[in-house]
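Visitor: Here's a structure for you.
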Amino acid sequence: MNSVRARLERLLAWLRKVDPDVLCLQELKCTDEAFPHDAISHACRQAGEAGYHAAVFGQKTYNGVAILSRSAPAEIELGMADDADDPQARLISALIDGFRVFSAYFPNGGEVGSEKWDYKLEWMRRLLEHFDHRASPSDRIVLCGDFNVAIDDSDVARPEQWAGSVLCHDDVRDALERLRDWGFVDVFRKHHPEGGIYSWWDYRMLGFPKNDGLRIDHVFATAGPASRCTSAEVDRDERKGKKPSDHAPIVATFDV
DNA sequence: ATGGTTGCTTAGCAA
(Lines give C-alpha, C1' and ligand atoms only; values in the text may rest on other atoms or scores of the structure.)
Protein backbone atom coordinates (compact mmCIF):
# COMPACT_ATOMS: atom_id res chain seq x y z
CA MET A 1 0.00 0.00 0.00
CA ASN A 2 3.07 2.22 0.11
CA SER A 3 2.70 3.66 3.64
CA VAL A 4 -0.29 3.18 5.94
CA ARG A 5 0.15 6.65 7.41
CA ALA A 6 0.29 8.46 4.07
CA ARG A 7 -2.91 6.68 2.96
CA LEU A 8 -4.81 6.37 6.22
CA GLU A 9 -7.84 8.34 5.02
CA ARG A 10 -8.08 6.24 1.88
CA LEU A 11 -7.78 3.08 3.95
CA LEU A 12 -10.57 4.13 6.32
CA ALA A 13 -12.82 5.14 3.43
CA TRP A 14 -12.19 1.79 1.75
CA LEU A 15 -13.04 -0.12 4.94
CA ARG A 16 -16.30 1.82 5.18
CA LYS A 17 -17.08 1.17 1.51
CA VAL A 18 -16.23 -2.53 1.30
CA ASP A 19 -16.72 -3.60 4.94
CA PRO A 20 -14.45 -6.66 4.65
CA ASP A 21 -14.25 -9.26 7.42
CA VAL A 22 -10.48 -9.41 6.97
CA LEU A 23 -7.97 -7.11 5.25
CA CYS A 24 -4.32 -7.99 4.70
CA LEU A 25 -1.96 -5.04 4.32
CA GLN A 26 1.61 -4.90 3.07
CA GLU A 27 4.26 -2.19 2.88
CA LEU A 28 3.11 -0.29 5.96
CA LYS A 29 6.40 1.61 6.14
CA CYS A 30 6.04 2.21 9.86
CA THR A 31 6.85 0.71 13.24
CA ASP A 32 4.29 -0.97 15.48
CA GLU A 33 4.34 2.15 17.66
CA ALA A 34 3.58 4.46 14.72
CA PHE A 35 0.79 2.26 13.37
CA PRO A 36 -2.56 4.13 13.49
CA HIS A 37 -4.18 1.68 15.89
CA ASP A 38 -6.81 4.08 17.22
CA ALA A 39 -8.15 5.23 13.87
CA ILE A 40 -8.40 1.66 12.63
CA SER A 41 -9.93 0.22 15.77
CA HIS A 42 -12.60 2.91 15.50
CA ALA A 43 -13.06 2.53 11.73
CA CYS A 44 -16.60 1.66 10.74
CA ARG A 45 -17.65 1.63 14.36
CA GLN A 46 -21.26 2.70 14.25
CA ALA A 47 -24.56 1.64 15.74
CA GLY A 48 -22.70 -0.19 18.46
CA GLU A 49 -20.71 -2.26 15.99
CA ALA A 50 -17.11 -3.03 16.82
CA GLY A 51 -14.27 -1.59 14.77
CA TYR A 52 -11.30 -3.52 13.39
CA HIS A 53 -8.70 -5.48 15.27
CA ALA A 54 -5.17 -5.11 13.96
CA ALA A 55 -2.35 -7.64 14.15
CA VAL A 56 0.76 -5.70 13.14
CA PHE A 57 4.36 -6.59 12.31
CA GLY A 58 5.92 -3.23 11.64
CA GLN A 59 9.36 -1.96 10.75
CA LYS A 60 10.90 1.47 10.44
CA THR A 61 10.89 2.97 6.91
CA TYR A 62 10.45 -0.24 4.90
CA ASN A 63 8.21 -3.29 4.68
CA GLY A 64 5.71 -3.95 7.48
CA VAL A 65 2.60 -6.15 7.26
CA ALA A 66 -0.71 -6.28 9.09
CA ILE A 67 -4.02 -8.12 9.28
CA LEU A 68 -7.20 -6.20 10.10
CA SER A 69 -10.23 -8.21 11.12
CA ARG A 70 -13.72 -7.88 12.55
CA SER A 71 -13.18 -10.94 14.76
CA ALA A 72 -10.33 -10.96 17.23
CA PRO A 73 -7.19 -12.61 15.82
CA ALA A 74 -5.62 -15.45 17.82
CA GLU A 75 -2.24 -17.15 17.74
CA ILE A 76 -0.53 -14.29 15.94
CA GLU A 77 2.81 -15.28 14.41
CA LEU A 78 5.44 -12.86 13.19
CA GLY A 79 7.86 -13.87 10.45
CA MET A 80 8.77 -17.39 9.41
CA ALA A 81 9.73 -18.65 12.86
CA ASP A 82 12.82 -20.29 11.38
CA ASP A 83 16.52 -20.00 12.16
CA ALA A 84 17.22 -17.28 9.62
CA ASP A 85 18.45 -13.94 10.93
CA ASP A 86 16.02 -11.77 8.97
CA PRO A 87 15.29 -8.22 10.13
CA GLN A 88 12.67 -7.57 7.44
CA ALA A 89 9.01 -7.57 8.54
CA ARG A 90 7.34 -9.34 5.63
CA LEU A 91 5.08 -12.05 7.06
CA ILE A 92 2.37 -12.17 9.69
CA SER A 93 -0.34 -14.72 10.29
CA ALA A 94 -3.25 -15.13 12.66
CA LEU A 95 -6.12 -17.48 13.34
CA ILE A 96 -9.35 -15.69 12.42
CA ASP A 97 -12.76 -17.42 12.45
CA GLY A 98 -11.07 -20.79 12.05
CA PHE A 99 -8.83 -19.76 9.16
CA ARG A 100 -5.08 -19.29 9.33
CA VAL A 101 -4.69 -16.00 7.44
CA PHE A 102 -1.28 -14.83 6.18
CA SER A 103 -0.37 -11.35 5.02
CA ALA A 104 2.84 -11.61 2.99
CA TYR A 105 5.04 -9.00 1.40
CA PHE A 106 7.37 -10.94 -0.86
CA PRO A 107 10.69 -9.21 -1.60
CA ASN A 108 10.77 -7.24 -4.83
CA GLY A 109 14.19 -8.49 -5.78
CA GLY A 110 15.81 -5.30 -7.06
CA GLU A 111 17.65 -6.44 -10.15
CA VAL A 112 18.08 -10.01 -11.34
CA GLY A 113 21.42 -11.27 -10.02
CA SER A 114 21.67 -8.74 -7.19
CA GLU A 115 21.79 -9.41 -3.45
CA LYS A 116 18.12 -8.48 -3.24
CA TRP A 117 17.37 -11.02 -5.93
CA ASP A 118 19.11 -13.76 -3.96
CA TYR A 119 17.17 -12.67 -0.87
CA LYS A 120 13.90 -12.91 -2.81
CA LEU A 121 14.59 -16.48 -3.94
CA GLU A 122 15.78 -17.47 -0.48
CA TRP A 123 12.71 -15.86 1.14
CA MET A 124 10.40 -17.82 -1.17
CA ARG A 125 12.30 -21.02 -0.38
CA ARG A 126 11.93 -20.32 3.35
CA LEU A 127 8.21 -19.67 2.95
CA LEU A 128 7.70 -23.05 1.28
CA GLU A 129 9.77 -24.67 4.03
CA HIS A 130 7.58 -22.92 6.59
CA PHE A 131 4.46 -24.55 5.15
CA ASP A 132 6.24 -27.88 4.72
CA HIS A 133 7.28 -27.98 8.36
CA ARG A 134 4.43 -26.24 10.12
CA ALA A 135 1.21 -26.70 8.16
CA SER A 136 -0.80 -29.14 6.13
CA PRO A 137 -2.64 -28.62 2.82
CA SER A 138 -5.71 -29.93 4.63
CA ASP A 139 -5.59 -26.92 6.98
CA ARG A 140 -7.81 -23.94 6.21
CA ILE A 141 -5.19 -21.43 5.06
CA VAL A 142 -5.53 -18.20 3.09
CA LEU A 143 -2.28 -16.60 1.97
CA CYS A 144 -2.72 -13.02 0.74
CA GLY A 145 -0.36 -10.32 -0.26
CA ASP A 146 2.01 -8.61 -2.62
CA PHE A 147 3.82 -11.63 -4.07
CA ASN A 148 5.91 -9.52 -6.46
CA VAL A 149 5.50 -12.30 -9.02
CA ALA A 150 3.32 -12.32 -12.14
CA ILE A 151 2.42 -15.99 -12.46
CA ASP A 152 2.45 -16.09 -16.25
CA ASP A 153 2.27 -13.70 -19.17
CA SER A 154 -1.54 -13.56 -19.07
CA ASP A 155 -0.98 -11.53 -15.89
CA VAL A 156 1.17 -8.96 -17.71
CA ALA A 157 -0.25 -6.28 -20.02
CA ARG A 158 3.05 -5.89 -21.88
CA PRO A 159 4.92 -9.16 -21.45
CA GLU A 160 7.73 -8.20 -23.80
CA GLN A 161 8.50 -5.16 -21.66
CA TRP A 162 8.68 -7.16 -18.41
CA ALA A 163 10.26 -10.34 -19.76
CA GLY A 164 13.10 -11.51 -17.53
CA SER A 165 12.40 -8.84 -14.89
CA VAL A 166 12.33 -9.62 -11.18
CA LEU A 167 8.51 -9.87 -11.36
CA CYS A 168 8.44 -12.29 -14.31
CA HIS A 169 11.71 -14.23 -14.27
CA ASP A 170 11.47 -18.02 -14.62
CA ASP A 171 13.25 -18.52 -11.28
CA VAL A 172 10.55 -16.72 -9.27
CA ARG A 173 7.76 -18.21 -11.36
CA ASP A 174 9.21 -21.66 -10.65
CA ALA A 175 9.52 -20.85 -6.94
CA LEU A 176 5.91 -19.69 -6.83
CA GLU A 177 4.77 -22.79 -8.69
CA ARG A 178 6.47 -24.94 -6.06
CA LEU A 179 4.66 -23.00 -3.34
CA ARG A 180 1.33 -23.43 -5.14
CA ASP A 181 2.02 -27.12 -5.68
CA TRP A 182 2.41 -27.52 -1.94
CA GLY A 183 -1.36 -27.17 -1.77
CA PHE A 184 -2.62 -23.74 -2.79
CA VAL A 185 -5.16 -22.58 -5.34
CA ASP A 186 -4.84 -19.15 -6.95
CA VAL A 187 -8.47 -18.23 -6.29
CA PHE A 188 -8.42 -15.17 -8.54
CA ARG A 189 -7.32 -17.27 -11.50
CA LYS A 190 -10.05 -19.76 -10.67
CA HIS A 191 -12.63 -17.06 -11.38
CA HIS A 192 -10.72 -15.31 -14.20
CA PRO A 193 -8.90 -17.99 -16.21
CA GLU A 194 -8.56 -15.66 -19.18
CA GLY A 195 -6.14 -13.29 -17.43
CA GLY A 196 -5.76 -9.69 -18.57
CA ILE A 197 -6.65 -8.23 -15.16
CA TYR A 198 -3.96 -6.45 -13.19
CA SER A 199 -3.37 -5.33 -9.61
CA TRP A 200 -0.28 -3.11 -9.80
CA TRP A 201 0.83 -0.30 -12.06
CA ASP A 202 4.20 1.38 -11.62
CA TYR A 203 4.10 5.04 -10.59
CA ARG A 204 6.97 5.50 -12.99
CA MET A 205 6.40 5.45 -16.71
CA LEU A 206 2.77 6.44 -16.05
CA GLY A 207 1.84 2.78 -15.78
CA PHE A 208 -1.80 3.26 -14.82
CA PRO A 209 -2.93 5.70 -17.53
CA LYS A 210 -1.31 3.40 -20.06
CA ASN A 211 -2.69 0.31 -18.30
CA ASP A 212 0.82 -1.07 -18.23
CA GLY A 213 -0.16 -3.36 -15.36
CA LEU A 214 0.73 -6.70 -13.82
CA ARG A 215 -1.14 -9.02 -11.50
CA ILE A 216 1.39 -9.52 -8.72
CA ASP A 217 -1.00 -9.45 -5.74
CA HIS A 218 -2.55 -12.81 -5.03
CA VAL A 219 -4.96 -14.71 -2.82
CA PHE A 220 -3.85 -18.32 -2.41
CA ALA A 221 -6.08 -20.69 -0.48
CA THR A 222 -5.85 -24.36 0.40
CA ALA A 223 -8.39 -26.69 -1.21
CA GLY A 224 -11.05 -26.36 1.50
CA PRO A 225 -11.46 -22.59 1.47
CA ALA A 226 -10.65 -22.43 -2.25
CA SER A 227 -13.68 -24.60 -3.01
CA ARG A 228 -15.79 -22.11 -1.08
CA CYS A 229 -14.41 -19.02 -2.79
CA THR A 230 -17.38 -17.54 -4.66
CA SER A 231 -15.71 -14.50 -6.23
CA ALA A 232 -12.43 -12.65 -6.54
CA GLU A 233 -12.06 -9.21 -8.09
CA VAL A 234 -9.56 -6.38 -8.37
CA ASP A 235 -10.97 -3.11 -7.03
CA ARG A 236 -9.46 -1.16 -9.89
CA ASP A 237 -11.22 2.07 -8.93
CA GLU A 238 -9.05 2.20 -5.82
CA ARG A 239 -6.02 2.83 -8.04
CA LYS A 240 -7.69 6.09 -9.16
CA GLY A 241 -8.22 9.41 -7.44
CA LYS A 242 -5.99 11.44 -5.17
CA LYS A 243 -2.79 9.86 -3.86
CA PRO A 244 -3.55 6.26 -4.78
CA SER A 245 -1.32 3.38 -3.84
CA ASP A 246 0.47 1.79 -6.78
CA HIS A 247 -1.51 -1.39 -5.96
CA ALA A 248 -5.26 -2.02 -6.18
CA PRO A 249 -6.91 -4.29 -3.58
CA ILE A 250 -8.04 -7.83 -4.35
CA VAL A 251 -11.45 -8.67 -2.89
CA ALA A 252 -12.16 -12.37 -2.42
CA THR A 253 -15.40 -13.75 -1.01
CA PHE A 254 -15.66 -17.08 0.81
CA ASP A 255 -18.84 -18.96 1.75
CA VAL A 256 -18.37 -20.03 5.34
C1' DA B 1 20.50 1.38 -20.60
C1' DT B 2 17.63 4.93 -18.71
C1' DG B 3 13.63 7.10 -17.34
C1' DG B 4 9.53 8.09 -14.80
C1' DT B 5 6.88 8.85 -9.33
C1' DT B 6 6.24 8.24 -4.40
C1' DG B 7 7.36 7.87 0.70
C1' DC B 8 10.48 8.05 4.39
C1' DT B 9 13.93 10.61 5.97
C1' DT B 10 16.70 14.25 5.09
C1' DA B 11 20.00 13.11 -0.32
C1' DG B 12 19.59 8.62 -0.80
C1' DC B 13 17.20 4.23 -0.86
C1' DA B 14 13.55 1.20 -2.12
C1' DA B 15 9.93 0.26 -4.99
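Ligands are numbered from 1 in the order shown, residues from 1 within each chain, and chains are lettered A, B, ... in the order they appear in the C-alpha coordinates.
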Quick one: residues within 9 Å of B:DG4, only C-alpha atoms (C1' of nucleotides) counted, chain neighbours fewer than 4 positions away excluded, as a list of chain:residue names?
Guide: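 My list of contacting residues is A:Tyr203, A:Arg204, A:Met205, A:Leu206.
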Visitor: Could you save those same residues with all heavy atoms as a PDB file, in the first residue's frame?
Guide:
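Okay, this is what ended up in selection_17.pdb:
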```pdb
ATOM      1  N   TYR A 203       4.241   3.574 -10.574  1.00  0.00           N
ATOM      2  CA  TYR A 203       4.102   5.036 -10.586  1.00  0.00           C
ATOM      3  C   TYR A 203       4.925   5.626 -11.735  1.00  0.00           C
ATOM      4  O   TYR A 203       4.545   6.614 -12.345  1.00  0.00           O
ATOM      5  CB  TYR A 203       4.644   5.643  -9.285  1.00  0.00           C
ATOM      6  CG  TYR A 203       3.804   5.425  -8.045  1.00  0.00           C
ATOM      7  CD1 TYR A 203       4.372   4.896  -6.900  1.00  0.00           C
ATOM      8  CD2 TYR A 203       2.465   5.798  -8.004  1.00  0.00           C
ATOM      9  CE1 TYR A 203       3.641   4.731  -5.739  1.00  0.00           C
ATOM     10  CE2 TYR A 203       1.711   5.632  -6.846  1.00  0.00           C
ATOM     11  CZ  TYR A 203       2.305   5.093  -5.718  1.00  0.00           C
ATOM     12  OH  TYR A 203       1.580   4.935  -4.571  1.00  0.00           O
ATOM     13  N   ARG A 204       6.077   4.996 -11.948  1.00  0.00           N
ATOM     14  CA  ARG A 204       6.973   5.504 -12.989  1.00  0.00           C
ATOM     15  C   ARG A 204       6.444   5.086 -14.352  1.00  0.00           C
ATOM     16  O   ARG A 204       5.683   4.139 -14.467  1.00  0.00           O
ATOM     17  CB  ARG A 204       8.386   4.944 -12.764  1.00  0.00           C
ATOM     18  CG  ARG A 204       8.935   5.323 -11.408  1.00  0.00           C
ATOM     19  CD  ARG A 204      10.160   4.490 -11.059  1.00  0.00           C
ATOM     20  NE  ARG A 204       9.794   3.114 -10.792  1.00  0.00           N
ATOM     21  CZ  ARG A 204      10.658   2.200 -10.346  1.00  0.00           C
ATOM     22  NH1 ARG A 204      11.921   2.527 -10.167  1.00  0.00           N
ATOM     23  NH2 ARG A 204      10.268   0.982 -10.108  1.00  0.00           N
ATOM     24  N   MET A 205       6.822   5.780 -15.338  1.00  0.00           N
ATOM     25  CA  MET A 205       6.395   5.449 -16.705  1.00  0.00           C
ATOM     26  C   MET A 205       4.884   5.578 -16.879  1.00  0.00           C
ATOM     27  O   MET A 205       4.326   5.050 -17.838  1.00  0.00           O
ATOM     28  CB  MET A 205       6.831   4.036 -17.113  1.00  0.00           C
ATOM     29  CG  MET A 205       8.314   3.798 -16.977  1.00  0.00           C
ATOM     30  SD  MET A 205       8.787   2.134 -17.464  1.00  0.00           S
ATOM     31  CE  MET A 205       7.949   1.142 -16.252  1.00  0.00           C
ATOM     32  N   LEU A 206       4.210   6.245 -15.928  1.00  0.00           N
ATOM     33  CA  LEU A 206       2.767   6.444 -16.047  1.00  0.00           C
ATOM     34  C   LEU A 206       2.055   5.121 -16.342  1.00  0.00           C
ATOM     35  O   LEU A 206       1.236   5.025 -17.260  1.00  0.00           O
ATOM     36  CB  LEU A 206       2.474   7.482 -17.145  1.00  0.00           C
ATOM     37  CG  LEU A 206       3.145   8.851 -16.913  1.00  0.00           C
ATOM     38  CD1 LEU A 206       2.953   9.739 -18.121  1.00  0.00           C
ATOM     39  CD2 LEU A 206       2.591   9.519 -15.658  1.00  0.00           C
TER      40      LEU A 206
END
```
Visitor: For the helix (DSSP H, G or I) assignment from backbone DSSP, which residues of stretch 9-179 of chain A qualify? Please present them as a PyMOL selection string.
Guide: chain A and resi 9-18+37-42+115-134+153-155+159-162+170-179
Visitor: Looking at A:Lys120, A:His53, A:Arg189, A:His218, which one is nearest to A:Pro249, with distances taken over only C-alpha atoms?
Guide: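 Comparing A:Lys120, A:His53, A:Arg189, A:His218 against A:Pro249, the winner is A:His218.
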Visitor: Residues of chain B within 9 Å of chain A, counting only C-alpha atoms (C1' of nucleotides) - could you list those as a list in words?
Guide: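 Taking only C-alpha atoms (C1' of nucleotides) into account, DG3, DG4, DT5, DT6, DG7, DC8, DT9, DA14 and DA15 of chain B sit within 9 Å of chain A.
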Visitor: Would you compute the distance between atom CA of A:Asp235 and atom CA of A:His247? Give it in Å to one decimal.
Guide: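 The value is 9.7 Å.
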Visitor: Quick check for you: according to DSSP on this backbone, which residues of stretch 3-162 of chain A are classed as strand (DSSP E)? Reply as a PyMOL selection string.
Guide: chain A and resi 22-26+53-57+65-69+74-78+91-96+99-105+141-146
Visitor: Keeping N, CA, C and O atoms, export the residues of the selection given above as a short mmCIF file (atom, residue, chain, number, x, y, z; two decimals), in the first residue's frame.
Guide:
```
data_model
loop_
_atom_site.label_atom_id
_atom_site.label_comp_id
_atom_site.auth_asym_id
_atom_site.auth_seq_id
_atom_site.Cartn_x
_atom_site.Cartn_y
_atom_site.Cartn_z
N VAL A 22 -11.93 -9.36 6.76
CA VAL A 22 -10.48 -9.41 6.97
C VAL A 22 -9.81 -8.58 5.88
O VAL A 22 -10.25 -8.60 4.73
N LEU A 23 -8.77 -7.84 6.25
CA LEU A 23 -7.97 -7.11 5.25
C LEU A 23 -6.50 -7.32 5.55
O LEU A 23 -6.04 -7.03 6.66
N CYS A 24 -5.76 -7.81 4.57
CA CYS A 24 -4.32 -7.99 4.70
C CYS A 24 -3.59 -6.83 4.05
O CYS A 24 -3.85 -6.51 2.88
N LEU A 25 -2.70 -6.21 4.81
CA LEU A 25 -1.96 -5.04 4.32
C LEU A 25 -0.47 -5.37 4.23
O LEU A 25 0.06 -6.11 5.06
N GLN A 26 0.16 -4.77 3.23
CA GLN A 26 1.61 -4.90 3.07
C GLN A 26 2.22 -3.53 2.80
O GLN A 26 1.55 -2.65 2.30
N HIS A 53 -9.91 -5.08 14.58
CA HIS A 53 -8.70 -5.48 15.27
C HIS A 53 -7.54 -5.37 14.29
O HIS A 53 -7.73 -5.49 13.08
N ALA A 54 -6.35 -5.17 14.82
CA ALA A 54 -5.17 -5.11 13.96
C ALA A 54 -4.03 -5.92 14.56
O ALA A 54 -3.61 -5.66 15.68
N ALA A 55 -3.58 -6.93 13.81
CA ALA A 55 -2.35 -7.64 14.15
C ALA A 55 -1.26 -7.05 13.27
O ALA A 55 -1.38 -7.06 12.04
N VAL A 56 -0.21 -6.51 13.89
CA VAL A 56 0.76 -5.70 13.14
C VAL A 56 2.18 -6.23 13.36
O VAL A 56 2.57 -6.55 14.48
N PHE A 57 2.92 -6.31 12.25
CA PHE A 57 4.36 -6.59 12.31
C PHE A 57 5.03 -5.46 11.54
O PHE A 57 5.12 -5.50 10.33
N VAL A 65 3.82 -5.46 7.69
CA VAL A 65 2.60 -6.15 7.26
C VAL A 65 1.59 -6.16 8.41
O VAL A 65 1.98 -6.04 9.58
N ALA A 66 0.33 -6.28 8.06
CA ALA A 66 -0.71 -6.28 9.09
C ALA A 66 -1.91 -7.07 8.61
O ALA A 66 -2.09 -7.30 7.40
N ILE A 67 -2.74 -7.49 9.57
CA ILE A 67 -4.02 -8.12 9.28
C ILE A 67 -5.08 -7.40 10.11
O ILE A 67 -4.99 -7.38 11.34
N LEU A 68 -6.05 -6.81 9.43
CA LEU A 68 -7.20 -6.20 10.10
C LEU A 68 -8.35 -7.19 10.05
O LEU A 68 -8.54 -7.87 9.04
N SER A 69 -9.13 -7.25 11.12
CA SER A 69 -10.23 -8.21 11.12
C SER A 69 -11.35 -7.76 12.06
O SER A 69 -11.10 -7.09 13.07
N ALA A 74 -6.28 -14.64 16.79
CA ALA A 74 -5.62 -15.45 17.82
C ALA A 74 -4.34 -16.03 17.25
O ALA A 74 -4.15 -16.06 16.03
N GLU A 75 -3.47 -16.47 18.15
CA GLU A 75 -2.24 -17.15 17.74
C GLU A 75 -1.49 -16.39 16.65
O GLU A 75 -1.13 -16.94 15.61
N ILE A 76 -1.25 -15.13 16.91
CA ILE A 76 -0.53 -14.29 15.94
C ILE A 76 0.92 -14.73 15.85
O ILE A 76 1.58 -14.93 16.88
N GLU A 77 1.41 -14.90 14.64
CA GLU A 77 2.81 -15.28 14.41
C GLU A 77 3.49 -14.25 13.52
O GLU A 77 2.94 -13.86 12.49
N LEU A 78 4.67 -13.84 13.93
CA LEU A 78 5.44 -12.86 13.19
C LEU A 78 6.61 -13.53 12.49
O LEU A 78 7.37 -14.27 13.13
N LEU A 91 6.07 -10.97 6.93
CA LEU A 91 5.08 -12.05 7.06
C LEU A 91 4.44 -11.99 8.42
O LEU A 91 5.13 -11.89 9.44
N ILE A 92 3.11 -12.05 8.43
CA ILE A 92 2.37 -12.17 9.69
C ILE A 92 1.20 -13.11 9.44
O ILE A 92 0.66 -13.14 8.32
N SER A 93 0.85 -13.89 10.44
CA SER A 93 -0.34 -14.72 10.29
C SER A 93 -1.10 -14.74 11.60
O SER A 93 -0.56 -14.45 12.66
N ALA A 94 -2.39 -15.06 11.49
CA ALA A 94 -3.25 -15.13 12.66
C ALA A 94 -4.40 -16.08 12.37
O ALA A 94 -4.77 -16.29 11.21
N LEU A 95 -4.93 -16.63 13.44
CA LEU A 95 -6.12 -17.48 13.34
C LEU A 95 -7.35 -16.58 13.48
O LEU A 95 -7.53 -15.93 14.52
N ILE A 96 -8.16 -16.55 12.43
CA ILE A 96 -9.35 -15.69 12.42
C ILE A 96 -10.54 -16.52 11.95
O ILE A 96 -10.54 -17.02 10.82
N PHE A 99 -9.76 -19.77 10.28
CA PHE A 99 -8.83 -19.76 9.16
C PHE A 99 -7.48 -19.23 9.61
O PHE A 99 -7.41 -18.25 10.34
N ARG A 100 -6.41 -19.86 9.13
CA ARG A 100 -5.08 -19.29 9.33
C ARG A 100 -4.83 -18.34 8.16
O ARG A 100 -4.73 -18.76 7.00
N VAL A 101 -4.82 -17.04 8.46
CA VAL A 101 -4.69 -16.00 7.44
C VAL A 101 -3.27 -15.45 7.47
O VAL A 101 -2.77 -15.09 8.54
N PHE A 102 -2.63 -15.40 6.31
CA PHE A 102 -1.28 -14.83 6.18
C PHE A 102 -1.35 -13.55 5.37
O PHE A 102 -2.02 -13.50 4.33
N SER A 103 -0.64 -12.54 5.83
CA SER A 103 -0.37 -11.35 5.02
C SER A 103 1.12 -11.35 4.70
O SER A 103 1.95 -11.31 5.61
N ALA A 104 1.44 -11.43 3.42
CA ALA A 104 2.84 -11.61 2.99
C ALA A 104 3.27 -10.51 2.04
O ALA A 104 2.54 -10.15 1.11
N TYR A 105 4.44 -9.98 2.30
CA TYR A 105 5.04 -9.00 1.40
C TYR A 105 6.33 -9.61 0.87
O TYR A 105 7.39 -9.48 1.47
N ILE A 141 -6.20 -22.49 5.13
CA ILE A 141 -5.19 -21.43 5.06
C ILE A 141 -5.52 -20.49 3.90
O ILE A 141 -5.88 -20.95 2.81
N VAL A 142 -5.41 -19.20 4.16
CA VAL A 142 -5.53 -18.20 3.09
C VAL A 142 -4.29 -17.32 3.16
O VAL A 142 -4.01 -16.71 4.19
N LEU A 143 -3.55 -17.33 2.07
CA LEU A 143 -2.28 -16.60 1.97
C LEU A 143 -2.47 -15.44 1.00
O LEU A 143 -2.70 -15.66 -0.20
N CYS A 144 -2.44 -14.22 1.54
CA CYS A 144 -2.72 -13.02 0.74
C CYS A 144 -1.51 -12.11 0.73
O CYS A 144 -0.75 -12.07 1.69
N GLY A 145 -1.38 -11.35 -0.34
CA GLY A 145 -0.36 -10.32 -0.26
C GLY A 145 0.17 -9.86 -1.60
O GLY A 145 -0.34 -10.20 -2.67
N ASP A 146 1.23 -9.06 -1.47
CA ASP A 146 2.01 -8.61 -2.62
C ASP A 146 3.10 -9.65 -2.84
O ASP A 146 4.08 -9.67 -2.10
#
```
Visitor: Residues at most 7 Å from stretch 157-174 of chain A, counting only C-alpha atoms (C1' of nucleotides), excluding those fewer than 5 positions away in the same chain, as a list in words?
Guide: Asn108, Gly109, Gly110, Glu111, Val112, Leu121, Asn148, Val149, Ala150, Ile151, Gly196, Asp212, Gly213 and Leu214 of chain A
Visitor: Between atom CA of A:Trp14 and atom CA of A:Asp255, what is the spacing in Å?
Guide: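 Spanning atom CA of A:Asp255 to atom CA of A:Trp14 is a straight-line distance of 21.8 Å.
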Visitor: I'd like the interatomic distance between atom CA of A:Pro225 and atom CA of A:Trp182, to a tenth of an Å.
Guide: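 Calculated distance between atom CA of A:Pro225 and atom CA of A:Trp182 is 15.1 Å.
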Visitor: Leaving out A:Ala226 and any residue of its chain fewer than 6 positions from it, which residues lie within 12 Å of it when counting only C-alpha atoms (C1' of nucleotides), given as a PyMOL selection string?
Guide: chain A and resi 99+137-143+183-191+219-220+232+252-256
